[in-house]
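Peer 1: For reference, the file model_25.txt (compact mmCIF, C-alpha atoms and all ligand atoms) is included below:
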# COMPACT_ATOMS: atom_id res chain seq x y z
CA MET A 1 10.79 -12.79 -4.88
CA THR A 2 8.92 -15.12 -2.59
CA ALA A 3 6.33 -17.65 -3.64
CA ASP A 4 3.42 -15.83 -1.93
CA VAL A 5 3.45 -13.03 -4.51
CA LEU A 6 4.12 -15.28 -7.52
CA ALA A 7 1.13 -17.36 -6.42
CA LEU A 8 -1.12 -14.34 -7.15
CA LEU A 9 -0.32 -14.45 -10.88
CA ARG A 10 -3.06 -15.55 -13.27
CA CYS A 11 -3.61 -15.59 -17.02
CA PRO A 12 -4.94 -12.10 -17.93
CA ARG A 13 -7.05 -13.64 -20.71
CA ASP A 14 -8.92 -16.38 -18.88
CA GLY A 15 -8.01 -15.99 -15.19
CA SER A 16 -6.59 -19.51 -14.95
CA ARG A 17 -3.50 -20.58 -13.01
CA LEU A 18 -0.11 -20.63 -14.72
CA GLN A 19 2.46 -23.37 -15.07
CA PRO A 20 6.19 -22.64 -15.46
CA ARG A 21 7.91 -23.88 -18.63
CA ALA A 22 11.55 -25.01 -18.80
CA ASP A 23 12.63 -21.65 -20.29
CA GLY A 24 10.96 -19.73 -17.42
CA ALA A 25 7.87 -18.65 -19.41
CA LEU A 26 4.46 -19.13 -17.75
CA VAL A 27 1.70 -21.03 -19.54
CA SER A 28 -2.03 -20.66 -18.93
CA GLU A 29 -3.48 -23.94 -17.61
CA CYS A 30 -6.74 -23.29 -19.40
CA SER A 31 -6.00 -21.70 -22.80
CA GLY A 32 -2.31 -22.61 -23.19
CA HIS A 33 -1.29 -18.97 -23.79
CA VAL A 34 2.41 -18.44 -23.17
CA TYR A 35 3.76 -15.43 -21.24
CA PRO A 36 7.52 -15.01 -21.82
CA VAL A 37 10.20 -13.52 -19.63
CA ILE A 38 11.95 -10.57 -21.29
CA ALA A 39 14.94 -8.90 -19.63
CA GLY A 40 14.08 -10.88 -16.49
CA ILE A 41 10.51 -9.52 -16.38
CA TYR A 42 7.29 -11.52 -16.96
CA ASP A 43 5.47 -10.13 -19.98
CA PHE A 44 1.65 -10.30 -19.66
CA ARG A 45 0.85 -7.45 -22.06
CA LEU A 46 -2.20 -8.04 -24.24
CA PHE A 47 -1.71 -4.96 -26.42
CA ASP A 48 1.08 -2.60 -27.49
CA PRO A 49 1.86 0.67 -25.71
CA PRO A 50 0.58 3.69 -27.69
CA TYR A 51 3.99 5.10 -28.62
CA MET A 52 5.76 2.15 -30.36
CA THR A 53 5.31 -1.47 -31.37
CA ARG A 54 5.99 -4.18 -28.84
CA GLU A 55 8.88 -5.52 -30.94
CA ALA A 56 10.61 -2.11 -31.02
CA GLU A 57 10.02 -1.68 -27.27
CA ASN A 58 11.39 -5.12 -26.42
CA HIS A 59 14.48 -4.47 -28.53
CA LEU A 60 15.15 -1.20 -26.72
CA ALA A 61 14.43 -2.70 -23.30
CA LEU A 62 16.96 -5.49 -23.92
CA ALA A 63 19.58 -2.92 -24.95
CA ILE A 64 18.98 -0.98 -21.70
CA ASP A 65 19.12 -4.18 -19.67
CA GLU A 66 22.44 -5.06 -21.29
CA ALA A 67 23.84 -1.59 -20.54
CA ALA A 68 22.60 -1.88 -16.93
CA LYS A 69 25.21 -4.59 -16.33
CA ARG A 70 28.07 -2.11 -16.70
CA MET A 71 26.77 1.12 -15.14
CA ASP A 72 24.84 2.46 -12.16
CA HIS A 73 21.26 3.77 -12.29
CA THR A 74 22.20 7.42 -12.80
CA ALA A 75 24.57 6.56 -15.64
CA LEU A 76 21.97 4.23 -17.13
CA VAL A 77 19.32 6.97 -17.22
CA ARG A 78 21.82 9.30 -18.90
CA HIS A 79 22.87 6.59 -21.37
CA PHE A 80 19.24 5.75 -22.21
CA GLU A 81 18.16 9.35 -22.76
CA SER A 82 21.25 10.36 -24.75
CA GLU A 83 22.02 7.21 -26.78
CA LEU A 84 18.97 4.96 -26.97
CA ALA A 85 15.71 6.94 -26.55
CA PRO A 86 13.91 7.41 -29.88
CA ASP A 87 13.45 11.15 -29.22
CA ALA A 88 17.14 11.77 -28.34
CA HIS A 89 17.65 14.43 -31.01
CA ASP A 90 19.02 17.59 -29.44
CA ASN A 91 21.04 18.18 -26.27
CA GLN A 92 18.49 20.51 -24.73
CA THR A 93 15.68 17.92 -24.92
CA ILE A 94 17.98 15.16 -23.71
CA GLU A 95 19.08 17.20 -20.67
CA LYS A 96 15.44 18.10 -19.93
CA HIS A 97 14.44 14.41 -19.96
CA ILE A 98 17.38 13.45 -17.73
CA ARG A 99 16.49 16.19 -15.24
CA HIS A 100 12.86 15.03 -15.25
CA ARG A 101 13.85 11.42 -14.51
CA MET A 102 16.26 12.44 -11.75
CA ALA A 103 13.61 14.69 -10.19
CA LEU A 104 11.21 11.72 -10.05
CA ARG A 105 13.48 10.04 -7.51
CA GLU A 106 13.03 13.04 -5.21
CA ARG A 107 9.39 13.71 -6.03
CA ALA A 108 7.85 10.23 -5.92
CA PRO A 109 8.23 9.59 -2.15
CA ARG A 110 6.92 13.05 -1.27
CA ARG A 111 3.97 12.68 -3.61
CA LEU A 112 2.89 9.38 -2.06
CA LEU A 113 3.02 10.96 1.40
CA ASP A 114 1.07 14.02 0.17
CA MET A 115 -1.60 11.85 -1.43
CA LEU A 116 -1.93 9.71 1.70
CA ALA A 117 -2.31 12.86 3.78
CA MET A 118 -4.88 14.36 1.41
CA ALA A 119 -6.89 11.15 1.33
CA GLY A 120 -6.55 10.65 5.10
CA CYS A 121 -5.36 7.05 4.79
CA ALA A 122 -2.23 4.93 5.28
CA VAL A 123 -0.55 2.09 3.44
CA PRO A 124 -1.94 -1.02 5.20
CA ARG A 125 0.71 -2.41 7.55
CA ASP A 126 1.97 -5.80 6.40
CA GLY A 127 -0.29 -5.69 3.37
CA ILE A 128 0.50 -6.36 -0.29
CA ALA A 129 0.61 -3.19 -2.39
CA LEU A 130 0.28 -2.83 -6.15
CA ASP A 131 1.92 0.14 -7.88
CA LEU A 132 -0.31 0.24 -10.95
CA GLY A 133 1.46 2.02 -13.82
CA CYS A 134 4.64 2.09 -11.71
CA GLY A 135 6.77 3.66 -14.47
CA SER A 136 10.43 3.52 -13.53
CA GLY A 137 9.62 2.39 -9.98
CA GLU A 138 10.46 5.47 -7.90
CA ALA A 139 7.50 5.06 -5.50
CA MET A 140 8.04 1.40 -4.65
CA ALA A 141 10.62 1.94 -1.91
CA THR A 142 8.29 4.38 -0.16
CA LEU A 143 5.38 1.92 -0.31
CA LEU A 144 7.59 -0.56 1.54
CA ALA A 145 8.87 2.09 3.95
CA GLN A 146 5.25 3.05 4.71
CA GLY A 147 4.53 -0.48 5.93
CA ALA A 148 3.69 -2.69 2.95
CA ARG A 149 5.06 -6.23 3.34
CA ARG A 150 5.32 -6.77 -0.41
CA VAL A 151 5.07 -4.50 -3.40
CA VAL A 152 4.36 -5.38 -7.01
CA GLY A 153 4.83 -2.92 -9.90
CA VAL A 154 2.93 -3.23 -13.17
CA ASP A 155 3.49 -1.14 -16.27
CA ILE A 156 2.81 -1.45 -19.98
CA SER A 157 6.29 -0.09 -20.77
CA LEU A 158 9.08 -2.64 -20.63
CA ILE A 159 11.58 0.21 -21.01
CA GLU A 160 10.35 1.84 -17.79
CA LEU A 161 10.37 -1.54 -16.04
CA VAL A 162 13.98 -2.26 -16.98
CA LEU A 163 14.95 1.13 -15.50
CA ALA A 164 12.87 0.25 -12.42
CA LYS A 165 14.66 -3.10 -12.14
CA LYS A 166 18.02 -1.33 -11.99
CA LEU A 167 16.75 1.15 -9.37
CA LEU A 168 15.39 -1.68 -7.20
CA GLN A 169 18.63 -3.67 -7.51
CA GLU A 170 20.67 -0.65 -6.54
CA THR A 171 18.50 0.12 -3.50
CA GLY A 172 18.48 -3.56 -2.49
CA LEU A 173 14.69 -3.87 -2.64
CA ASP A 174 12.89 -7.12 -3.26
CA ALA A 175 9.83 -6.32 -5.37
CA LEU A 176 8.11 -7.99 -8.30
CA LEU A 177 7.95 -6.13 -11.64
CA ILE A 178 5.43 -7.20 -14.25
CA ALA A 179 4.83 -5.99 -17.79
CA GLY A 180 1.07 -5.86 -18.15
CA CYS A 181 -1.97 -3.84 -19.15
CA ALA A 182 -3.88 -2.10 -16.40
CA GLU A 183 -7.08 -3.01 -18.27
CA ALA A 184 -6.39 -6.78 -17.96
CA LEU A 185 -4.28 -7.46 -14.89
CA PRO A 186 -2.50 -10.82 -14.50
CA PHE A 187 -3.61 -11.35 -10.88
CA ALA A 188 -6.24 -13.35 -9.05
CA ALA A 189 -9.21 -11.43 -7.64
CA ASP A 190 -8.78 -10.12 -4.07
CA SER A 191 -4.95 -10.16 -4.22
CA PHE A 192 -3.98 -6.72 -2.89
CA ASP A 193 -4.63 -4.60 0.19
CA PHE A 194 -3.65 -1.33 -1.49
CA VAL A 195 -3.45 -0.16 -5.10
CA TYR A 196 -1.53 3.05 -5.77
CA SER A 197 -1.71 4.66 -9.19
CA PRO A 198 -0.45 8.24 -9.57
CA ASP A 199 -0.59 9.97 -12.96
CA VAL A 200 -1.93 6.92 -14.77
CA ILE A 201 -5.71 7.22 -15.32
CA GLU A 202 -5.21 9.81 -18.08
CA HIS A 203 -2.86 7.44 -20.00
CA VAL A 204 -4.70 4.12 -20.04
CA SER A 205 -6.59 3.22 -23.19
CA ASN A 206 -9.79 2.21 -21.36
CA GLN A 207 -10.55 4.04 -18.12
CA PRO A 208 -13.62 1.97 -17.05
CA ASP A 209 -11.63 -1.27 -17.47
CA TYR A 210 -8.68 0.19 -15.55
CA LEU A 211 -10.95 1.03 -12.60
CA GLY A 212 -12.75 -2.31 -12.90
CA GLU A 213 -9.46 -4.21 -12.71
CA ALA A 214 -8.20 -2.18 -9.73
CA HIS A 215 -11.48 -3.07 -7.99
CA ARG A 216 -11.25 -6.78 -8.91
CA VAL A 217 -7.70 -7.29 -7.61
CA LEU A 218 -8.35 -5.47 -4.31
CA ARG A 219 -9.40 -7.37 -1.22
CA ASP A 220 -12.61 -6.40 0.53
CA GLN A 221 -12.04 -3.02 2.28
CA GLY A 222 -8.87 -2.53 0.21
CA VAL A 223 -8.03 1.00 -0.92
CA PHE A 224 -7.35 2.36 -4.40
CA LEU A 225 -5.44 5.66 -4.24
CA LEU A 226 -4.99 7.60 -7.46
CA ASN A 227 -4.77 11.10 -8.79
CA SER A 228 -6.19 12.60 -11.93
CA PRO A 229 -5.23 15.87 -13.65
CA ASN A 230 -8.38 17.91 -14.19
CA ARG A 231 -9.61 18.35 -17.76
CA TYR A 232 -11.03 21.77 -16.82
CA SER A 233 -8.15 23.16 -14.78
CA VAL A 234 -7.82 26.93 -14.91
CA VAL A 235 -4.79 26.83 -12.63
CA CYS A 236 -2.19 25.34 -14.92
CA PRO A 237 -1.79 24.41 -18.59
CA GLU A 238 -2.36 20.88 -19.87
CA PRO A 239 0.36 19.02 -17.94
CA HIS A 240 1.86 17.00 -20.85
CA VAL A 241 2.05 19.57 -23.66
CA GLY A 242 1.83 22.81 -21.71
CA ILE A 243 -1.04 24.44 -23.64
CA TRP A 244 -3.47 26.45 -21.52
CA PHE A 245 -7.15 25.35 -21.82
CA LEU A 246 -6.35 22.78 -24.54
CA THR A 247 -8.58 20.12 -22.98
CA PHE A 248 -11.54 22.53 -22.72
CA LEU A 249 -11.96 21.81 -26.45
CA PRO A 250 -14.27 19.03 -27.61
CA ARG A 251 -12.14 15.85 -27.59
CA PRO A 252 -11.96 15.38 -31.41
CA LEU A 253 -10.37 18.86 -31.73
CA ILE A 254 -7.64 18.38 -29.12
CA ASP A 255 -5.19 16.44 -31.30
CA PRO A 256 -5.44 18.71 -34.39
CA VAL A 257 -5.08 21.88 -32.27
CA CYS A 258 -2.10 20.38 -30.42
CA ARG A 259 -0.42 19.61 -33.76
CA LEU A 260 -1.23 23.09 -35.10
CA ALA A 261 0.43 24.54 -32.00
CA GLY A 262 3.59 22.58 -32.90
CA LYS A 263 3.40 20.28 -29.86
CA GLY A 264 3.10 17.01 -31.78
CA ARG A 265 0.33 14.44 -31.60
CA TYR A 266 -1.97 14.30 -28.59
CA VAL A 267 -2.25 10.53 -28.21
CA GLY A 268 -2.31 8.23 -25.18
CA LYS A 269 -3.83 10.96 -23.01
CA ARG A 270 -7.43 11.55 -21.92
CA LEU A 271 -7.97 13.99 -19.06
CA VAL A 272 -11.30 13.73 -17.24
CA SER A 273 -13.36 16.39 -15.47
CA LEU A 274 -14.53 16.13 -11.85
CA PRO A 275 -18.05 14.88 -12.77
CA GLU A 276 -16.57 12.31 -15.20
CA LEU A 277 -14.13 11.12 -12.54
CA ARG A 278 -16.88 10.84 -9.92
CA ALA A 279 -19.09 8.82 -12.24
CA LEU A 280 -16.25 6.50 -13.27
CA VAL A 281 -15.16 5.71 -9.71
CA ARG A 282 -18.59 5.63 -8.03
CA ASP A 283 -19.73 3.14 -10.62
CA ARG A 284 -17.35 0.56 -9.16
CA PHE A 285 -16.38 1.41 -5.58
CA ARG A 286 -18.47 1.39 -2.41
CA GLU A 287 -16.84 4.37 -0.71
CA VAL A 288 -15.34 7.23 -2.72
CA ARG A 289 -13.67 10.40 -1.48
CA ILE A 290 -12.32 12.98 -3.94
CA ARG A 291 -10.18 15.91 -2.83
CA SER A 292 -8.89 18.64 -5.06
CA ARG A 293 -5.36 19.81 -4.63
CA GLU A 294 -4.94 22.78 -2.37
CA ALA A 295 -4.47 26.12 -4.11
CA ASN A 296 -0.81 26.95 -4.18
CA PRO A 297 0.04 30.09 -2.16
CA GLN A 298 3.26 30.43 -4.18
CA ALA A 299 1.51 30.32 -7.58
CA THR A 300 3.09 32.77 -10.01
CA SER A 301 0.66 32.59 -12.96
CA LEU A 302 -2.28 35.01 -12.96
CA PRO A 303 -4.91 32.20 -12.96
CA GLY A 304 -2.99 30.44 -10.17
CA ARG A 305 -2.94 33.63 -8.05
CA LEU A 306 -6.63 34.33 -8.71
CA PHE A 307 -7.47 30.73 -7.82
CA TYR A 308 -5.62 31.06 -4.54
CA ALA A 309 -7.19 34.41 -3.71
CA MET A 310 -10.75 33.29 -4.43
CA ARG A 311 -10.71 29.78 -3.07
CA PRO A 312 -12.12 30.61 0.40
CA TYR A 313 -15.29 32.02 -1.19
CA SER A 314 -16.39 28.78 -2.81
CA GLU A 315 -14.32 25.73 -2.10
CA GLN A 316 -16.81 23.37 -3.71
CA ALA A 317 -17.11 25.29 -6.94
CA PHE A 318 -13.35 25.58 -7.23
CA ALA A 319 -13.00 21.79 -7.09
CA TYR A 320 -14.33 21.80 -10.68
CA ILE A 321 -11.45 23.96 -11.91
CA ALA A 322 -8.61 22.79 -9.64
CA ASP A 323 -5.55 21.28 -11.33
CA GLN A 324 -5.67 17.81 -9.76
CA HIS A 325 -8.01 15.46 -7.98
CA VAL A 326 -6.89 12.83 -5.50
CA VAL A 327 -9.23 9.87 -5.14
CA LEU A 328 -9.57 7.39 -2.32
CA ALA A 329 -11.83 4.52 -3.39
CA ARG A 330 -12.57 1.69 -0.98
CA LYS A 331 -13.83 -1.71 -2.15
C1 LIG A 401 3.00 9.52 -16.26
S1 LIG A 401 3.57 7.92 -16.04
C2 LIG A 401 3.41 7.73 -14.29
C3 LIG A 401 4.37 6.73 -13.76
C4 LIG A 401 4.37 6.58 -12.24
N1 LIG A 401 3.09 6.17 -11.73
C5 LIG A 401 4.79 7.87 -11.59
O1 LIG A 401 3.98 8.48 -10.92
O2 LIG A 401 5.95 8.27 -11.80
C6 LIG A 401 2.25 6.91 -16.65
C7 LIG A 401 2.63 5.44 -16.65
O3 LIG A 401 1.49 4.66 -17.01
C8 LIG A 401 1.92 3.62 -17.85
N2 LIG A 401 0.74 3.14 -18.62
C9 LIG A 401 0.09 3.78 -19.60
N3 LIG A 401 -0.92 3.03 -20.08
C10 LIG A 401 -0.89 1.86 -19.36
C11 LIG A 401 -1.67 0.69 -19.38
N4 LIG A 401 -2.70 0.55 -20.21
N5 LIG A 401 -1.36 -0.30 -18.52
C12 LIG A 401 -0.30 -0.18 -17.67
N6 LIG A 401 0.47 0.93 -17.60
C13 LIG A 401 0.18 1.93 -18.43
C14 LIG A 401 2.98 4.27 -18.71
O4 LIG A 401 3.83 3.33 -19.33
C15 LIG A 401 3.70 5.13 -17.69
O5 LIG A 401 4.77 4.47 -17.08
In structure tokens, what does this structure look like?
Peer 2:
Amino acid sequence: MTADVLALLRCPRDGSRLQPRADGALVSECSGHVYPVIAGIYDFRLFDPPYMTREAENHLALAIDEAAKRMDHTALVRHFESELAPDAHDNQTIEKHIRHRMALRERAPRRLLDMLAMAGCAVPRDGIALDLGCGSGEAMATLLAQGARRVVGVDISLIELVLAKKLLQETGLDALLIAGCAEALPFAADSFDFVYSPDVIEHVSNQPDYLGEAHRVLRDQGVFLLNSPNRYSVVCPEPHVGIWFLTFLPRPLIDPVCRLAGKGRYVGKRLVSLPELRALVRDRFREVRIRSREANPQATSLPGRLFYAMRPYSEQAFAYIADQHVVLARK
């Protein structure tokens, strides 16, 4: 990875420059905080991911990284989901998770293109792009193919990043992966031309800080492109646990009802409505365009079919109950 991208790194606590230590760790010039390298990835995380402690995550990530030396990406995904993942209990769940991960490789490029088309924008040619909440890195190749000169992926999950590292190695892509919190990014202000963040806003622990940081690291006129599942969708069930109208409930009731329905805890997720999304984004960005996803002509559920049939009568009103919103926010 070339020096121009590494030069963008800053201490996420105090914004100061970083000095390399003999062991490869980076040290804040101002506060002396040390940011280690784990599994070949700089670790700038200020807090733990919601699903496990940082120690447990690091341990697992190192095991995946070790396994990555003796297998290809497809075998690694299979090995992770069947042998290492904490929820690898029954074959049916394991196979479902493997299928989901494999489908991401197909889906991620198409989704970026769809979102660009919906927002009416392009990846800035020769610009530096940030994939914020990059997960296992499936969109990064497409960001480069769409014209970005450099791409940087940030995620709070070291496990996802180690899988992303393998994918990038296998596809021969040169991109920087960083473990970090979207609410406190380890980059200088005005670093990026484009920030892409699909399916992330509902997972971060502090949505205003996430938007504030995306705004801070963008250059003037830079674009933040994200999508947000709608809290009040009548077109599809809650996308993570599959319960219809779950998020229509007052927020304190969502977790207990989810548990009562046998779907486990509802943590690390906070869907927002269209007015909430508008307020959050307009608070920070100069130009904001929000589009709701087109009604699906092939919808099979009754609400989906009704939504499609009635959409021409009131496009604006239906934006409030669509399943997804795509946001273009310009600094
Ligand atoms: C549903 S996944 C989406 C991943 C990827 N953007 C995609 O579209 O495939 C949400 C991602 O956000 C990451 N994430 C959640 N909270 C985060 C935070 N506070 N900072 C950085 N990443 C976070 C998760 O680890 C996860 O990889």
Peer 1: Which residues sit within 8 Å of ligand LIG 401 (chain A), counting all atoms listed in the file, listed as a PyMOL selection string?
Peer 2: chain A and resi 49-50+104+108+131-139+154-157+160+179-183+197-201+203-206+210+268
Peer 1: Tell me, in Å to one decimal, how far atom CA of Pro109 of chain A is from atom CA of Ala145 of chain A.
Peer 2: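 These two atoms are separated by 9.7 Å.
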Peer 1: Find the residues around Pro252 of chain A up to 12 Å (only C-alpha atoms counted), leave out those fewer than 6 positions away in its own chain, and share them as number ranges by chain.
Peer 2: A: 246, 258, 266-267, 270
Peer 1: Please produce an output containing C-alpha atoms for each residue in the selection, written as a compact mmCIF listing (two decimals), in the coordinates of the input.
Peer 2:
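Saved result, out_31.txt, follows:
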# COMPACT_ATOMS: atom_id res chain seq x y z
CA LEU A 246 -6.35 22.78 -24.54
CA CYS A 258 -2.10 20.38 -30.42
CA TYR A 266 -1.97 14.30 -28.59
CA VAL A 267 -2.25 10.53 -28.21
CA ARG A 270 -7.43 11.55 -21.92
Peer 1: Between A:Arg289, A:Gln19, A:Pro12, A:Met118, which one has atoms that come closest to Glu213 of chain A, using all atoms listed in the file?
Peer 2: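 Among the listed residues, A:Pro12 lies closest to Glu213 of chain A.
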Peer 1: From the list A:Ala148, A:Met140, A:Leu260, A:Met52, which residue is nearest Leu176 of chain A when using all atoms listed in the file?
Peer 2: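 Ranking A:Ala148, A:Met140, A:Leu260, A:Met52 by distance to Leu176 of chain A, first place goes to A:Met140.
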Peer 1: Measuring between all atoms listed in the file, which one of A:Met102, A:Leu163, A:Ala188, A:Ala61 shows the shortest distance to Leu18 of chain A?
Peer 2: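 Once distances to Leu18 of chain A are computed over all atoms listed in the file, the minimum belongs to A:Ala188.
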Peer 1: Give me segment 211-227 of chain A with N, CA and C atoms filled in, as a PDB file, in the frame of the given file.
Peer 2:
ATOM      1  N   LEU A 211     -10.344   0.949 -13.941  1.00  0.00           N
ATOM      2  CA  LEU A 211     -10.950   1.030 -12.600  1.00  0.00           C
ATOM      3  C   LEU A 211     -11.554  -0.314 -12.201  1.00  0.00           C
ATOM      4  N   GLY A 212     -12.145  -0.999 -13.173  1.00  0.00           N
ATOM      5  CA  GLY A 212     -12.750  -2.310 -12.900  1.00  0.00           C
ATOM      6  C   GLY A 212     -11.696  -3.315 -12.447  1.00  0.00           C
ATOM      7  N   GLU A 213     -10.524  -3.280 -13.074  1.00  0.00           N
ATOM      8  CA  GLU A 213      -9.460  -4.210 -12.710  1.00  0.00           C
ATOM      9  C   GLU A 213      -8.863  -3.866 -11.338  1.00  0.00           C
ATOM     10  N   ALA A 214      -8.702  -2.569 -11.067  1.00  0.00           N
ATOM     11  CA  ALA A 214      -8.200  -2.180  -9.730  1.00  0.00           C
ATOM     12  C   ALA A 214      -9.172  -2.689  -8.673  1.00  0.00           C
ATOM     13  N   HIS A 215     -10.466  -2.593  -8.936  1.00  0.00           N
ATOM     14  CA  HIS A 215     -11.480  -3.070  -7.990  1.00  0.00           C
ATOM     15  C   HIS A 215     -11.393  -4.594  -7.849  1.00  0.00           C
ATOM     16  N   ARG A 216     -11.270  -5.294  -8.941  1.00  0.00           N
ATOM     17  CA  ARG A 216     -11.250  -6.780  -8.910  1.00  0.00           C
ATOM     18  C   ARG A 216     -10.068  -7.311  -8.093  1.00  0.00           C
ATOM     19  N   VAL A 217      -8.879  -6.722  -8.281  1.00  0.00           N
ATOM     20  CA  VAL A 217      -7.700  -7.290  -7.610  1.00  0.00           C
ATOM     21  C   VAL A 217      -7.565  -6.858  -6.145  1.00  0.00           C
ATOM     22  N   LEU A 218      -8.402  -5.889  -5.721  1.00  0.00           N
ATOM     23  CA  LEU A 218      -8.350  -5.470  -4.310  1.00  0.00           C
ATOM     24  C   LEU A 218      -9.142  -6.425  -3.429  1.00  0.00           C
ATOM     25  N   ARG A 219      -8.629  -6.609  -2.209  1.00  0.00           N
ATOM     26  CA  ARG A 219      -9.400  -7.370  -1.220  1.00  0.00           C
ATOM     27  C   ARG A 219     -10.534  -6.513  -0.714  1.00  0.00           C
ATOM     28  N   ASP A 220     -11.507  -7.134  -0.069  1.00  0.00           N
ATOM     29  CA  ASP A 220     -12.610  -6.400   0.530  1.00  0.00           C
ATOM     30  C   ASP A 220     -12.036  -5.361   1.502  1.00  0.00           C
ATOM     31  N   GLN A 221     -12.534  -4.138   1.443  1.00  0.00           N
ATOM     32  CA  GLN A 221     -12.040  -3.020   2.280  1.00  0.00           C
ATOM     33  C   GLN A 221     -10.707  -2.450   1.796  1.00  0.00           C
ATOM     34  N   GLY A 222     -10.133  -3.047   0.738  1.00  0.00           N
ATOM     35  CA  GLY A 222      -8.870  -2.530   0.210  1.00  0.00           C
ATOM     36  C   GLY A 222      -9.058  -1.147  -0.393  1.00  0.00           C
ATOM     37  N   VAL A 223      -7.952  -0.400  -0.472  1.00  0.00           N
ATOM     38  CA  VAL A 223      -8.030   1.000  -0.920  1.00  0.00           C
ATOM     39  C   VAL A 223      -7.301   1.202  -2.241  1.00  0.00           C
ATOM     40  N   PHE A 224      -7.956   1.935  -3.129  1.00  0.00           N
ATOM     41  CA  PHE A 224      -7.350   2.360  -4.400  1.00  0.00           C
ATOM     42  C   PHE A 224      -7.080   3.860  -4.266  1.00  0.00           C
ATOM     43  N   LEU A 225      -5.813   4.250  -4.365  1.00  0.00           N
ATOM     44  CA  LEU A 225      -5.440   5.660  -4.240  1.00  0.00           C
ATOM     45  C   LEU A 225      -4.841   6.120  -5.553  1.00  0.00           C
ATOM     46  N   LEU A 226      -5.473   7.122  -6.158  1.00  0.00           N
ATOM     47  CA  LEU A 226      -4.990   7.600  -7.460  1.00  0.00           C
ATOM     48  C   LEU A 226      -5.142   9.108  -7.536  1.00  0.00           C
ATOM     49  N   ASN A 227      -4.499   9.693  -8.530  1.00  0.00           N
ATOM     50  CA  ASN A 227      -4.770  11.100  -8.790  1.00  0.00           C
ATOM     51  C   ASN A 227      -5.078  11.276 -10.271  1.00  0.00           C
TER      52      ASN A 227
END
